[in-house]
Amino acid sequence: RSEIASITNRRAMERVFEQYHPQIVINAAAHKHVPLMEHNCIEAIENNVFGTRVIVEMCEKHNAERFMMVSTDKAVNPTNVMGATKRMCEMIVLSASTHGKVKYSATRFGNVLGSAGSVIPLFKRQIANGGPITLTDKRIIRYFMTIPEASQLVLQSGAMAQNGELFVLDMGKPIKILDLAENMIRLSGVQGIDIIETGLRPGEKLYEELLVKTEELDKTPNSMIFIERDTPLCEHDIDVKLEELKAACETEDDDVVREALRKAVPTFRRPEEVNRTAEKSKEMANTRQSGQELKKTAVV
């Protein structure tokens with residue numbers, strides 16, 4: 001059955017849960033547009049954070065069996081409001097696992113090829129219009145997965161959840177967006193398509209965090225699914241954070257709300273700081289690699 005209602009509308013959610021009494025709830029509802037959420041911090045928190053809280057409460061009240069939250073790689077050391085709100089959602093869900101009756105889990109993964117807002121449909125349209133292809137920055141790399149892969153792994157992770165897991169999907173190797181654009185131009189056969197940089201958007205990272213550091217994660221029966229070791233907060237601590245966020249939202253001042261979100265999510269960092277650190281780390285890695293290659297040549 002299809003229904004339409006906002007997850008922030010408690011009465012509407014009450015009506016839907018009362019009518020269907022779902023056993024499994026997959027919460028994919030969220031504002032996910034990074035630059036838009038940078039300029040609409042209050043809306044991001046109202047929808048993503050408090051909407052998730054409403055669904056958690058409905059699951060408890062109406063005896064759902066499982067709650068599966070669809071999260072994002074942008075929740076890992078977030079540099080933007082969207083990522084920080086999703087990290088806050090993870091914290092709410094994992095905390096609920098310590099005192100609720102429902103089995104809770106969250107699953108993180110990166111970009112989905114061909115989904116709404118994905119770069120591939122955008123590049124296709126730009127090529128069809130004769131170009132140019134626009135990139136925010138030619139250094140950007142991202143992790144990608146197909147729609148069938150992502151949906152199947154999300155369902156599998158939720159099915160194997162015992163309670164309180166933060167699952168991480170193995171997204172494989174990162175892809176350079178510039179390479180993707182160049183390959184699409186080549187495969188299209190269209191000549192004379194330029195690629196231009198438009199500059200990083202507000203809150204945008206050059207490099208998404210490497211999701212799968214296997215030495216820091218627990219394995220599961222599926223080689224593509226790992227579990228991150230994350231200590232959930234107690235119910236009281238979550239309630240305090242939510243009360244502070246609610247009070248900040250009532251000021252209707254995005255700057256006040258952003259600072260409250262920064263306090264609520266300790267890993268929330270400024271993008272320029274992260275991008276600067278990432279660039280320095282990459283330069284050091286390249287220097288080490290060059291030194292190793294030079295050493296091998298000398299040995300030969």
# chains A, B, ... in the order shown; residues from 1 in each chain; ligands from 1
>>> residues_around(residues="A:Ile141", least_positions_apart="5", cutoff="7 Å", atoms="only C-alpha atoms", output="PDB file with N, CA and C atoms, in the first residue's frame")
ATOM      1  N   PRO A 174      37.313   3.649  -4.303  1.00  0.00           N
ATOM      2  CA  PRO A 174      36.712   4.925  -4.683  1.00  0.00           C
ATOM      3  C   PRO A 174      36.971   5.253  -6.143  1.00  0.00           C
ATOM      4  N   ILE A 175      36.063   6.033  -6.706  1.00  0.00           N
ATOM      5  CA  ILE A 175      36.152   6.421  -8.115  1.00  0.00           C
ATOM      6  C   ILE A 175      36.393   7.927  -8.205  1.00  0.00           C
ATOM      7  N   LYS A 176      37.316   8.307  -9.074  1.00  0.00           N
ATOM      8  CA  LYS A 176      37.564   9.728  -9.306  1.00  0.00           C
ATOM      9  C   LYS A 176      36.472  10.244 -10.248  1.00  0.00           C
ATOM     10  N   ILE A 177      35.754  11.271  -9.824  1.00  0.00           N
ATOM     11  CA  ILE A 177      34.616  11.764 -10.612  1.00  0.00           C
ATOM     12  C   ILE A 177      35.076  12.281 -11.982  1.00  0.00           C
ATOM     13  N   LEU A 206      36.272  16.809  -0.272  1.00  0.00           N
ATOM     14  CA  LEU A 206      36.999  16.317  -1.449  1.00  0.00           C
ATOM     15  C   LEU A 206      36.966  14.799  -1.481  1.00  0.00           C
ATOM     16  N   TYR A 207      37.189  14.194  -0.319  1.00  0.00           N
ATOM     17  CA  TYR A 207      37.261  12.736  -0.249  1.00  0.00           C
ATOM     18  C   TYR A 207      36.337  12.240   0.852  1.00  0.00           C
TER      19      TYR A 207
END
>>> residues_around(residues="stretch 86-99 of chain A", least_positions_apart="6", cutoff="7 Å", atoms="only C-alpha atoms", output="ChimeraX atom specification")
/A:48-49,52,71,75,105-106,163-164,232-235,238,265
>>> write_last_selection(atoms="all heavy atoms", output="compact mmCIF listing (two decimals), in the first residue's frame")
# COMPACT_ATOMS: atom_id res chain seq x y z
N ASN A 48 15.08 15.25 9.55
CA ASN A 48 15.94 14.07 9.71
C ASN A 48 15.99 13.56 11.14
O ASN A 48 15.81 12.37 11.39
CB ASN A 48 17.35 14.39 9.21
CG ASN A 48 17.39 14.73 7.72
OD1 ASN A 48 16.36 14.75 7.05
ND2 ASN A 48 18.56 15.00 7.21
N VAL A 49 16.27 14.47 12.07
CA VAL A 49 16.47 14.07 13.46
C VAL A 49 15.14 13.79 14.18
O VAL A 49 14.90 12.69 14.66
CB VAL A 49 17.29 15.13 14.23
CG1 VAL A 49 17.41 14.75 15.71
CG2 VAL A 49 18.67 15.29 13.60
N THR A 52 13.01 11.01 12.61
CA THR A 52 13.49 9.68 13.00
C THR A 52 13.04 9.33 14.41
O THR A 52 12.62 8.20 14.69
CB THR A 52 15.03 9.62 12.89
OG1 THR A 52 15.41 9.79 11.53
CG2 THR A 52 15.57 8.29 13.41
N SER A 71 21.45 4.84 6.53
CA SER A 71 22.34 5.96 6.82
C SER A 71 23.24 6.24 5.61
O SER A 71 22.94 5.83 4.50
CB SER A 71 23.17 5.67 8.08
OG SER A 71 23.82 6.84 8.52
N ALA A 75 27.82 10.47 7.25
CA ALA A 75 27.70 10.53 8.71
C ALA A 75 29.03 10.25 9.39
O ALA A 75 29.18 10.46 10.60
CB ALA A 75 26.65 9.52 9.18
N SER A 105 18.77 -1.32 14.03
CA SER A 105 20.05 -1.33 13.32
C SER A 105 20.11 -0.15 12.37
O SER A 105 19.07 0.43 12.02
CB SER A 105 20.25 -2.64 12.54
OG SER A 105 19.31 -2.74 11.49
N ALA A 106 21.32 0.22 11.96
CA ALA A 106 21.53 1.27 10.96
C ALA A 106 22.56 0.76 9.96
O ALA A 106 23.47 0.01 10.35
CB ALA A 106 22.01 2.56 11.62
N ASN A 163 20.45 -6.62 17.26
CA ASN A 163 19.98 -5.41 17.95
C ASN A 163 21.17 -4.50 18.21
O ASN A 163 22.17 -4.92 18.79
CB ASN A 163 19.30 -5.72 19.28
CG ASN A 163 18.56 -4.49 19.82
OD1 ASN A 163 18.11 -3.64 19.06
ND2 ASN A 163 18.44 -4.40 21.13
N GLY A 164 21.05 -3.26 17.75
CA GLY A 164 22.05 -2.24 18.06
C GLY A 164 23.27 -2.20 17.16
O GLY A 164 24.25 -1.53 17.48
N PRO A 232 26.70 2.91 22.18
CA PRO A 232 25.48 3.74 22.20
C PRO A 232 25.40 4.62 23.44
O PRO A 232 25.91 4.25 24.51
CB PRO A 232 24.35 2.71 22.18
CG PRO A 232 24.94 1.46 22.72
CD PRO A 232 26.39 1.48 22.35
N LEU A 233 24.75 5.77 23.28
CA LEU A 233 24.51 6.65 24.42
C LEU A 233 23.28 6.17 25.18
O LEU A 233 22.39 5.52 24.61
CB LEU A 233 24.28 8.08 23.94
CG LEU A 233 25.45 8.78 23.25
CD1 LEU A 233 25.03 10.17 22.79
CD2 LEU A 233 26.66 8.89 24.16
N CYS A 234 23.21 6.50 26.46
CA CYS A 234 22.04 6.13 27.25
C CYS A 234 20.86 7.03 26.86
O CYS A 234 21.03 8.08 26.24
CB CYS A 234 22.33 6.24 28.74
SG CYS A 234 22.57 7.94 29.31
N GLU A 235 19.67 6.63 27.23
CA GLU A 235 18.45 7.36 26.87
C GLU A 235 18.50 8.79 27.38
O GLU A 235 18.10 9.74 26.68
CB GLU A 235 17.24 6.63 27.45
CG GLU A 235 15.91 7.21 27.02
CD GLU A 235 14.73 6.41 27.54
OE1 GLU A 235 14.94 5.53 28.43
OE2 GLU A 235 13.60 6.66 27.08
N ILE A 238 20.73 11.09 25.18
CA ILE A 238 20.07 11.42 23.90
C ILE A 238 18.98 12.45 24.12
O ILE A 238 18.85 13.41 23.35
CB ILE A 238 19.48 10.14 23.25
CG1 ILE A 238 20.60 9.28 22.66
CG2 ILE A 238 18.46 10.49 22.16
CD1 ILE A 238 21.30 9.86 21.44
N VAL A 265 26.82 16.58 18.05
CA VAL A 265 27.58 15.58 17.28
C VAL A 265 29.06 15.95 17.35
O VAL A 265 29.54 16.77 16.55
CB VAL A 265 27.10 15.53 15.81
CG1 VAL A 265 27.87 14.48 15.02
CG2 VAL A 265 25.60 15.24 15.75
>>> residues_around(residues="A:Thr72", least_positions_apart="5", cutoff="12 Å", atoms="only C-alpha atoms", output="PyMOL selection string")
chain A and resi 28+30-32+34+77-78+82-90+106-112+143-144+150+154+166-169+171+208-209+211
>>> residues_around(residues="A:Tyr20", least_positions_apart="4", cutoff="10 Å", atoms="only C-alpha atoms", output="CSV table (one decimal) with C-alpha atoms, in the first residue's frame")
chain,number,residue,atom,x,y,z
A,1,ARG,CA,0.0,0.0,0.0
A,15,ARG,CA,-2.6,6.7,11.8
A,16,VAL,CA,-0.4,4.8,9.4
A,62,HIS,CA,2.9,-0.3,17.9
>>> atom_distance(atom1="atom CA of A:His21", atom2="atom CA of A:Asp239")
26.1 Å
>>> residues_around(residues="A:Cys59", least_positions_apart="2", cutoff="9 Å", atoms="only C-alpha atoms", output="count of residues only")
19
>>> atom_distance(atom1="atom CA of A:Leu36", atom2="atom CA of A:Phe268")
17.4 Å
>>> atom_distance(atom1="atom CA of A:Leu217", atom2="atom CA of A:Thr231")
13.2 Å
>>> residues_around(residues="stretch 252-257 of chain A", least_positions_apart="4", cutoff="8 Å", atoms="only C-alpha atoms", output="list in words")
His39, Asn40, Cys41, Ile42, Leu245, Ala248 and Leu261 of chain A
>>> decode(residues="stretch 111-127 of chain A", atoms="all heavy atoms", output="PDB file, in the first residue's frame")
ATOM      1  N   ASN A 111      27.422   6.523  -2.355  1.00  0.00           N
ATOM      2  CA  ASN A 111      26.540   6.970  -3.427  1.00  0.00           C
ATOM      3  C   ASN A 111      25.995   5.795  -4.232  1.00  0.00           C
ATOM      4  O   ASN A 111      26.666   4.783  -4.409  1.00  0.00           O
ATOM      5  CB  ASN A 111      27.314   7.909  -4.360  1.00  0.00           C
ATOM      6  CG  ASN A 111      27.854   9.113  -3.615  1.00  0.00           C
ATOM      7  OD1 ASN A 111      27.143  10.063  -3.359  1.00  0.00           O
ATOM      8  ND2 ASN A 111      29.119   9.061  -3.236  1.00  0.00           N
ATOM      9  N   VAL A 112      24.770   5.954  -4.726  1.00  0.00           N
ATOM     10  CA  VAL A 112      24.119   4.908  -5.510  1.00  0.00           C
ATOM     11  C   VAL A 112      24.014   5.367  -6.963  1.00  0.00           C
ATOM     12  O   VAL A 112      23.416   6.402  -7.253  1.00  0.00           O
ATOM     13  CB  VAL A 112      22.724   4.574  -4.945  1.00  0.00           C
ATOM     14  CG1 VAL A 112      22.044   3.499  -5.787  1.00  0.00           C
ATOM     15  CG2 VAL A 112      22.840   4.108  -3.496  1.00  0.00           C
ATOM     16  N   LEU A 113      24.633   4.589  -7.843  1.00  0.00           N
ATOM     17  CA  LEU A 113      24.659   4.947  -9.267  1.00  0.00           C
ATOM     18  C   LEU A 113      23.249   4.964  -9.852  1.00  0.00           C
ATOM     19  O   LEU A 113      22.485   4.019  -9.668  1.00  0.00           O
ATOM     20  CB  LEU A 113      25.504   3.934 -10.050  1.00  0.00           C
ATOM     21  CG  LEU A 113      27.025   4.047  -9.896  1.00  0.00           C
ATOM     22  CD1 LEU A 113      27.699   2.821 -10.490  1.00  0.00           C
ATOM     23  CD2 LEU A 113      27.541   5.313 -10.569  1.00  0.00           C
ATOM     24  N   GLY A 114      22.920   6.046 -10.541  1.00  0.00           N
ATOM     25  CA  GLY A 114      21.643   6.120 -11.235  1.00  0.00           C
ATOM     26  C   GLY A 114      20.473   6.545 -10.377  1.00  0.00           C
ATOM     27  O   GLY A 114      19.360   6.685 -10.880  1.00  0.00           O
ATOM     28  N   SER A 115      20.704   6.755  -9.086  1.00  0.00           N
ATOM     29  CA  SER A 115      19.611   7.181  -8.209  1.00  0.00           C
ATOM     30  C   SER A 115      19.325   8.668  -8.427  1.00  0.00           C
ATOM     31  O   SER A 115      20.095   9.380  -9.078  1.00  0.00           O
ATOM     32  CB  SER A 115      19.968   6.927  -6.752  1.00  0.00           C
ATOM     33  OG  SER A 115      21.104   7.699  -6.387  1.00  0.00           O
ATOM     34  N   ALA A 116      18.208   9.134  -7.874  1.00  0.00           N
ATOM     35  CA  ALA A 116      17.857  10.552  -8.000  1.00  0.00           C
ATOM     36  C   ALA A 116      18.981  11.404  -7.414  1.00  0.00           C
ATOM     37  O   ALA A 116      19.415  11.179  -6.293  1.00  0.00           O
ATOM     38  CB  ALA A 116      16.551  10.832  -7.260  1.00  0.00           C
ATOM     39  N   GLY A 117      19.453  12.363  -8.192  1.00  0.00           N
ATOM     40  CA  GLY A 117      20.538  13.221  -7.721  1.00  0.00           C
ATOM     41  C   GLY A 117      21.925  12.693  -8.013  1.00  0.00           C
ATOM     42  O   GLY A 117      22.921  13.355  -7.734  1.00  0.00           O
ATOM     43  N   SER A 118      22.020  11.480  -8.595  1.00  0.00           N
ATOM     44  CA  SER A 118      23.325  10.896  -8.917  1.00  0.00           C
ATOM     45  C   SER A 118      23.978  11.652 -10.073  1.00  0.00           C
ATOM     46  O   SER A 118      23.296  12.270 -10.897  1.00  0.00           O
ATOM     47  CB  SER A 118      23.146   9.419  -9.293  1.00  0.00           C
ATOM     48  OG  SER A 118      24.338   8.870  -9.795  1.00  0.00           O
ATOM     49  N   VAL A 119      25.317  11.571 -10.139  1.00  0.00           N
ATOM     50  CA  VAL A 119      26.027  12.326 -11.179  1.00  0.00           C
ATOM     51  C   VAL A 119      25.809  11.747 -12.576  1.00  0.00           C
ATOM     52  O   VAL A 119      25.876  12.478 -13.558  1.00  0.00           O
ATOM     53  CB  VAL A 119      27.548  12.386 -10.899  1.00  0.00           C
ATOM     54  CG1 VAL A 119      27.837  13.220  -9.679  1.00  0.00           C
ATOM     55  CG2 VAL A 119      28.158  11.006 -10.780  1.00  0.00           C
ATOM     56  N   ILE A 120      25.544  10.436 -12.687  1.00  0.00           N
ATOM     57  CA  ILE A 120      25.445   9.837 -14.015  1.00  0.00           C
ATOM     58  C   ILE A 120      24.269  10.400 -14.829  1.00  0.00           C
ATOM     59  O   ILE A 120      24.461  10.820 -15.978  1.00  0.00           O
ATOM     60  CB  ILE A 120      25.409   8.291 -13.930  1.00  0.00           C
ATOM     61  CG1 ILE A 120      26.813   7.792 -13.574  1.00  0.00           C
ATOM     62  CG2 ILE A 120      24.919   7.670 -15.222  1.00  0.00           C
ATOM     63  CD1 ILE A 120      26.983   6.296 -13.550  1.00  0.00           C
ATOM     64  N   PRO A 121      23.048  10.453 -14.272  1.00  0.00           N
ATOM     65  CA  PRO A 121      21.968  11.093 -15.045  1.00  0.00           C
ATOM     66  C   PRO A 121      22.274  12.546 -15.392  1.00  0.00           C
ATOM     67  O   PRO A 121      21.943  13.016 -16.480  1.00  0.00           O
ATOM     68  CB  PRO A 121      20.764  10.991 -14.101  1.00  0.00           C
ATOM     69  CG  PRO A 121      21.069   9.858 -13.196  1.00  0.00           C
ATOM     70  CD  PRO A 121      22.554   9.893 -13.008  1.00  0.00           C
ATOM     71  N   LEU A 122      22.943  13.250 -14.462  1.00  0.00           N
ATOM     72  CA  LEU A 122      23.314  14.647 -14.715  1.00  0.00           C
ATOM     73  C   LEU A 122      24.295  14.730 -15.881  1.00  0.00           C
ATOM     74  O   LEU A 122      24.103  15.532 -16.812  1.00  0.00           O
ATOM     75  CB  LEU A 122      23.935  15.257 -13.455  1.00  0.00           C
ATOM     76  CG  LEU A 122      24.553  16.655 -13.624  1.00  0.00           C
ATOM     77  CD1 LEU A 122      23.489  17.673 -13.986  1.00  0.00           C
ATOM     78  CD2 LEU A 122      25.291  17.076 -12.361  1.00  0.00           C
ATOM     79  N   PHE A 123      25.350  13.911 -15.846  1.00  0.00           N
ATOM     80  CA  PHE A 123      26.347  13.921 -16.926  1.00  0.00           C
ATOM     81  C   PHE A 123      25.705  13.543 -18.263  1.00  0.00           C
ATOM     82  O   PHE A 123      26.040  14.110 -19.307  1.00  0.00           O
ATOM     83  CB  PHE A 123      27.496  12.966 -16.606  1.00  0.00           C
ATOM     84  CG  PHE A 123      28.415  13.445 -15.505  1.00  0.00           C
ATOM     85  CD1 PHE A 123      29.400  12.609 -14.989  1.00  0.00           C
ATOM     86  CD2 PHE A 123      28.316  14.721 -14.976  1.00  0.00           C
ATOM     87  CE1 PHE A 123      30.261  13.031 -13.981  1.00  0.00           C
ATOM     88  CE2 PHE A 123      29.163  15.169 -13.976  1.00  0.00           C
ATOM     89  CZ  PHE A 123      30.130  14.314 -13.471  1.00  0.00           C
ATOM     90  N   LYS A 124      24.782  12.588 -18.250  1.00  0.00           N
ATOM     91  CA  LYS A 124      24.090  12.183 -19.483  1.00  0.00           C
ATOM     92  C   LYS A 124      23.343  13.362 -20.096  1.00  0.00           C
ATOM     93  O   LYS A 124      23.403  13.592 -21.309  1.00  0.00           O
ATOM     94  CB  LYS A 124      23.100  11.042 -19.194  1.00  0.00           C
ATOM     95  CG  LYS A 124      23.726   9.661 -19.135  1.00  0.00           C
ATOM     96  CD  LYS A 124      22.634   8.606 -18.928  1.00  0.00           C
ATOM     97  CE  LYS A 124      23.213   7.208 -18.956  1.00  0.00           C
ATOM     98  NZ  LYS A 124      22.164   6.187 -18.703  1.00  0.00           N
ATOM     99  N   ARG A 125      22.618  14.101 -19.240  1.00  0.00           N
ATOM    100  CA  ARG A 125      21.871  15.268 -19.730  1.00  0.00           C
ATOM    101  C   ARG A 125      22.820  16.322 -20.284  1.00  0.00           C
ATOM    102  O   ARG A 125      22.559  16.924 -21.333  1.00  0.00           O
ATOM    103  CB  ARG A 125      21.025  15.871 -18.596  1.00  0.00           C
ATOM    104  CG  ARG A 125      19.813  15.061 -18.223  1.00  0.00           C
ATOM    105  CD  ARG A 125      18.820  15.886 -17.408  1.00  0.00           C
ATOM    106  NE  ARG A 125      19.398  16.420 -16.180  1.00  0.00           N
ATOM    107  CZ  ARG A 125      19.439  15.757 -15.027  1.00  0.00           C
ATOM    108  NH1 ARG A 125      18.960  14.520 -14.958  1.00  0.00           N
ATOM    109  NH2 ARG A 125      19.952  16.327 -13.958  1.00  0.00           N
ATOM    110  N   GLN A 126      23.927  16.555 -19.570  1.00  0.00           N
ATOM    111  CA  GLN A 126      24.877  17.578 -20.020  1.00  0.00           C
ATOM    112  C   GLN A 126      25.520  17.199 -21.348  1.00  0.00           C
ATOM    113  O   GLN A 126      25.716  18.052 -22.214  1.00  0.00           O
ATOM    114  CB  GLN A 126      25.932  17.805 -18.930  1.00  0.00           C
ATOM    115  CG  GLN A 126      25.355  18.478 -17.687  1.00  0.00           C
ATOM    116  CD  GLN A 126      26.370  18.649 -16.575  1.00  0.00           C
ATOM    117  OE1 GLN A 126      27.329  17.881 -16.459  1.00  0.00           O
ATOM    118  NE2 GLN A 126      26.175  19.657 -15.733  1.00  0.00           N
ATOM    119  N   ILE A 127      25.839  15.917 -21.524  1.00  0.00           N
ATOM    120  CA  ILE A 127      26.419  15.446 -22.792  1.00  0.00           C
ATOM    121  C   ILE A 127      25.393  15.576 -23.914  1.00  0.00           C
ATOM    122  O   ILE A 127      25.707  16.032 -25.023  1.00  0.00           O
ATOM    123  CB  ILE A 127      26.915  13.989 -22.655  1.00  0.00           C
ATOM    124  CG1 ILE A 127      28.144  13.929 -21.736  1.00  0.00           C
ATOM    125  CG2 ILE A 127      27.260  13.394 -24.031  1.00  0.00           C
ATOM    126  CD1 ILE A 127      28.544  12.512 -21.332  1.00  0.00           C
TER     127      ILE A 127
END
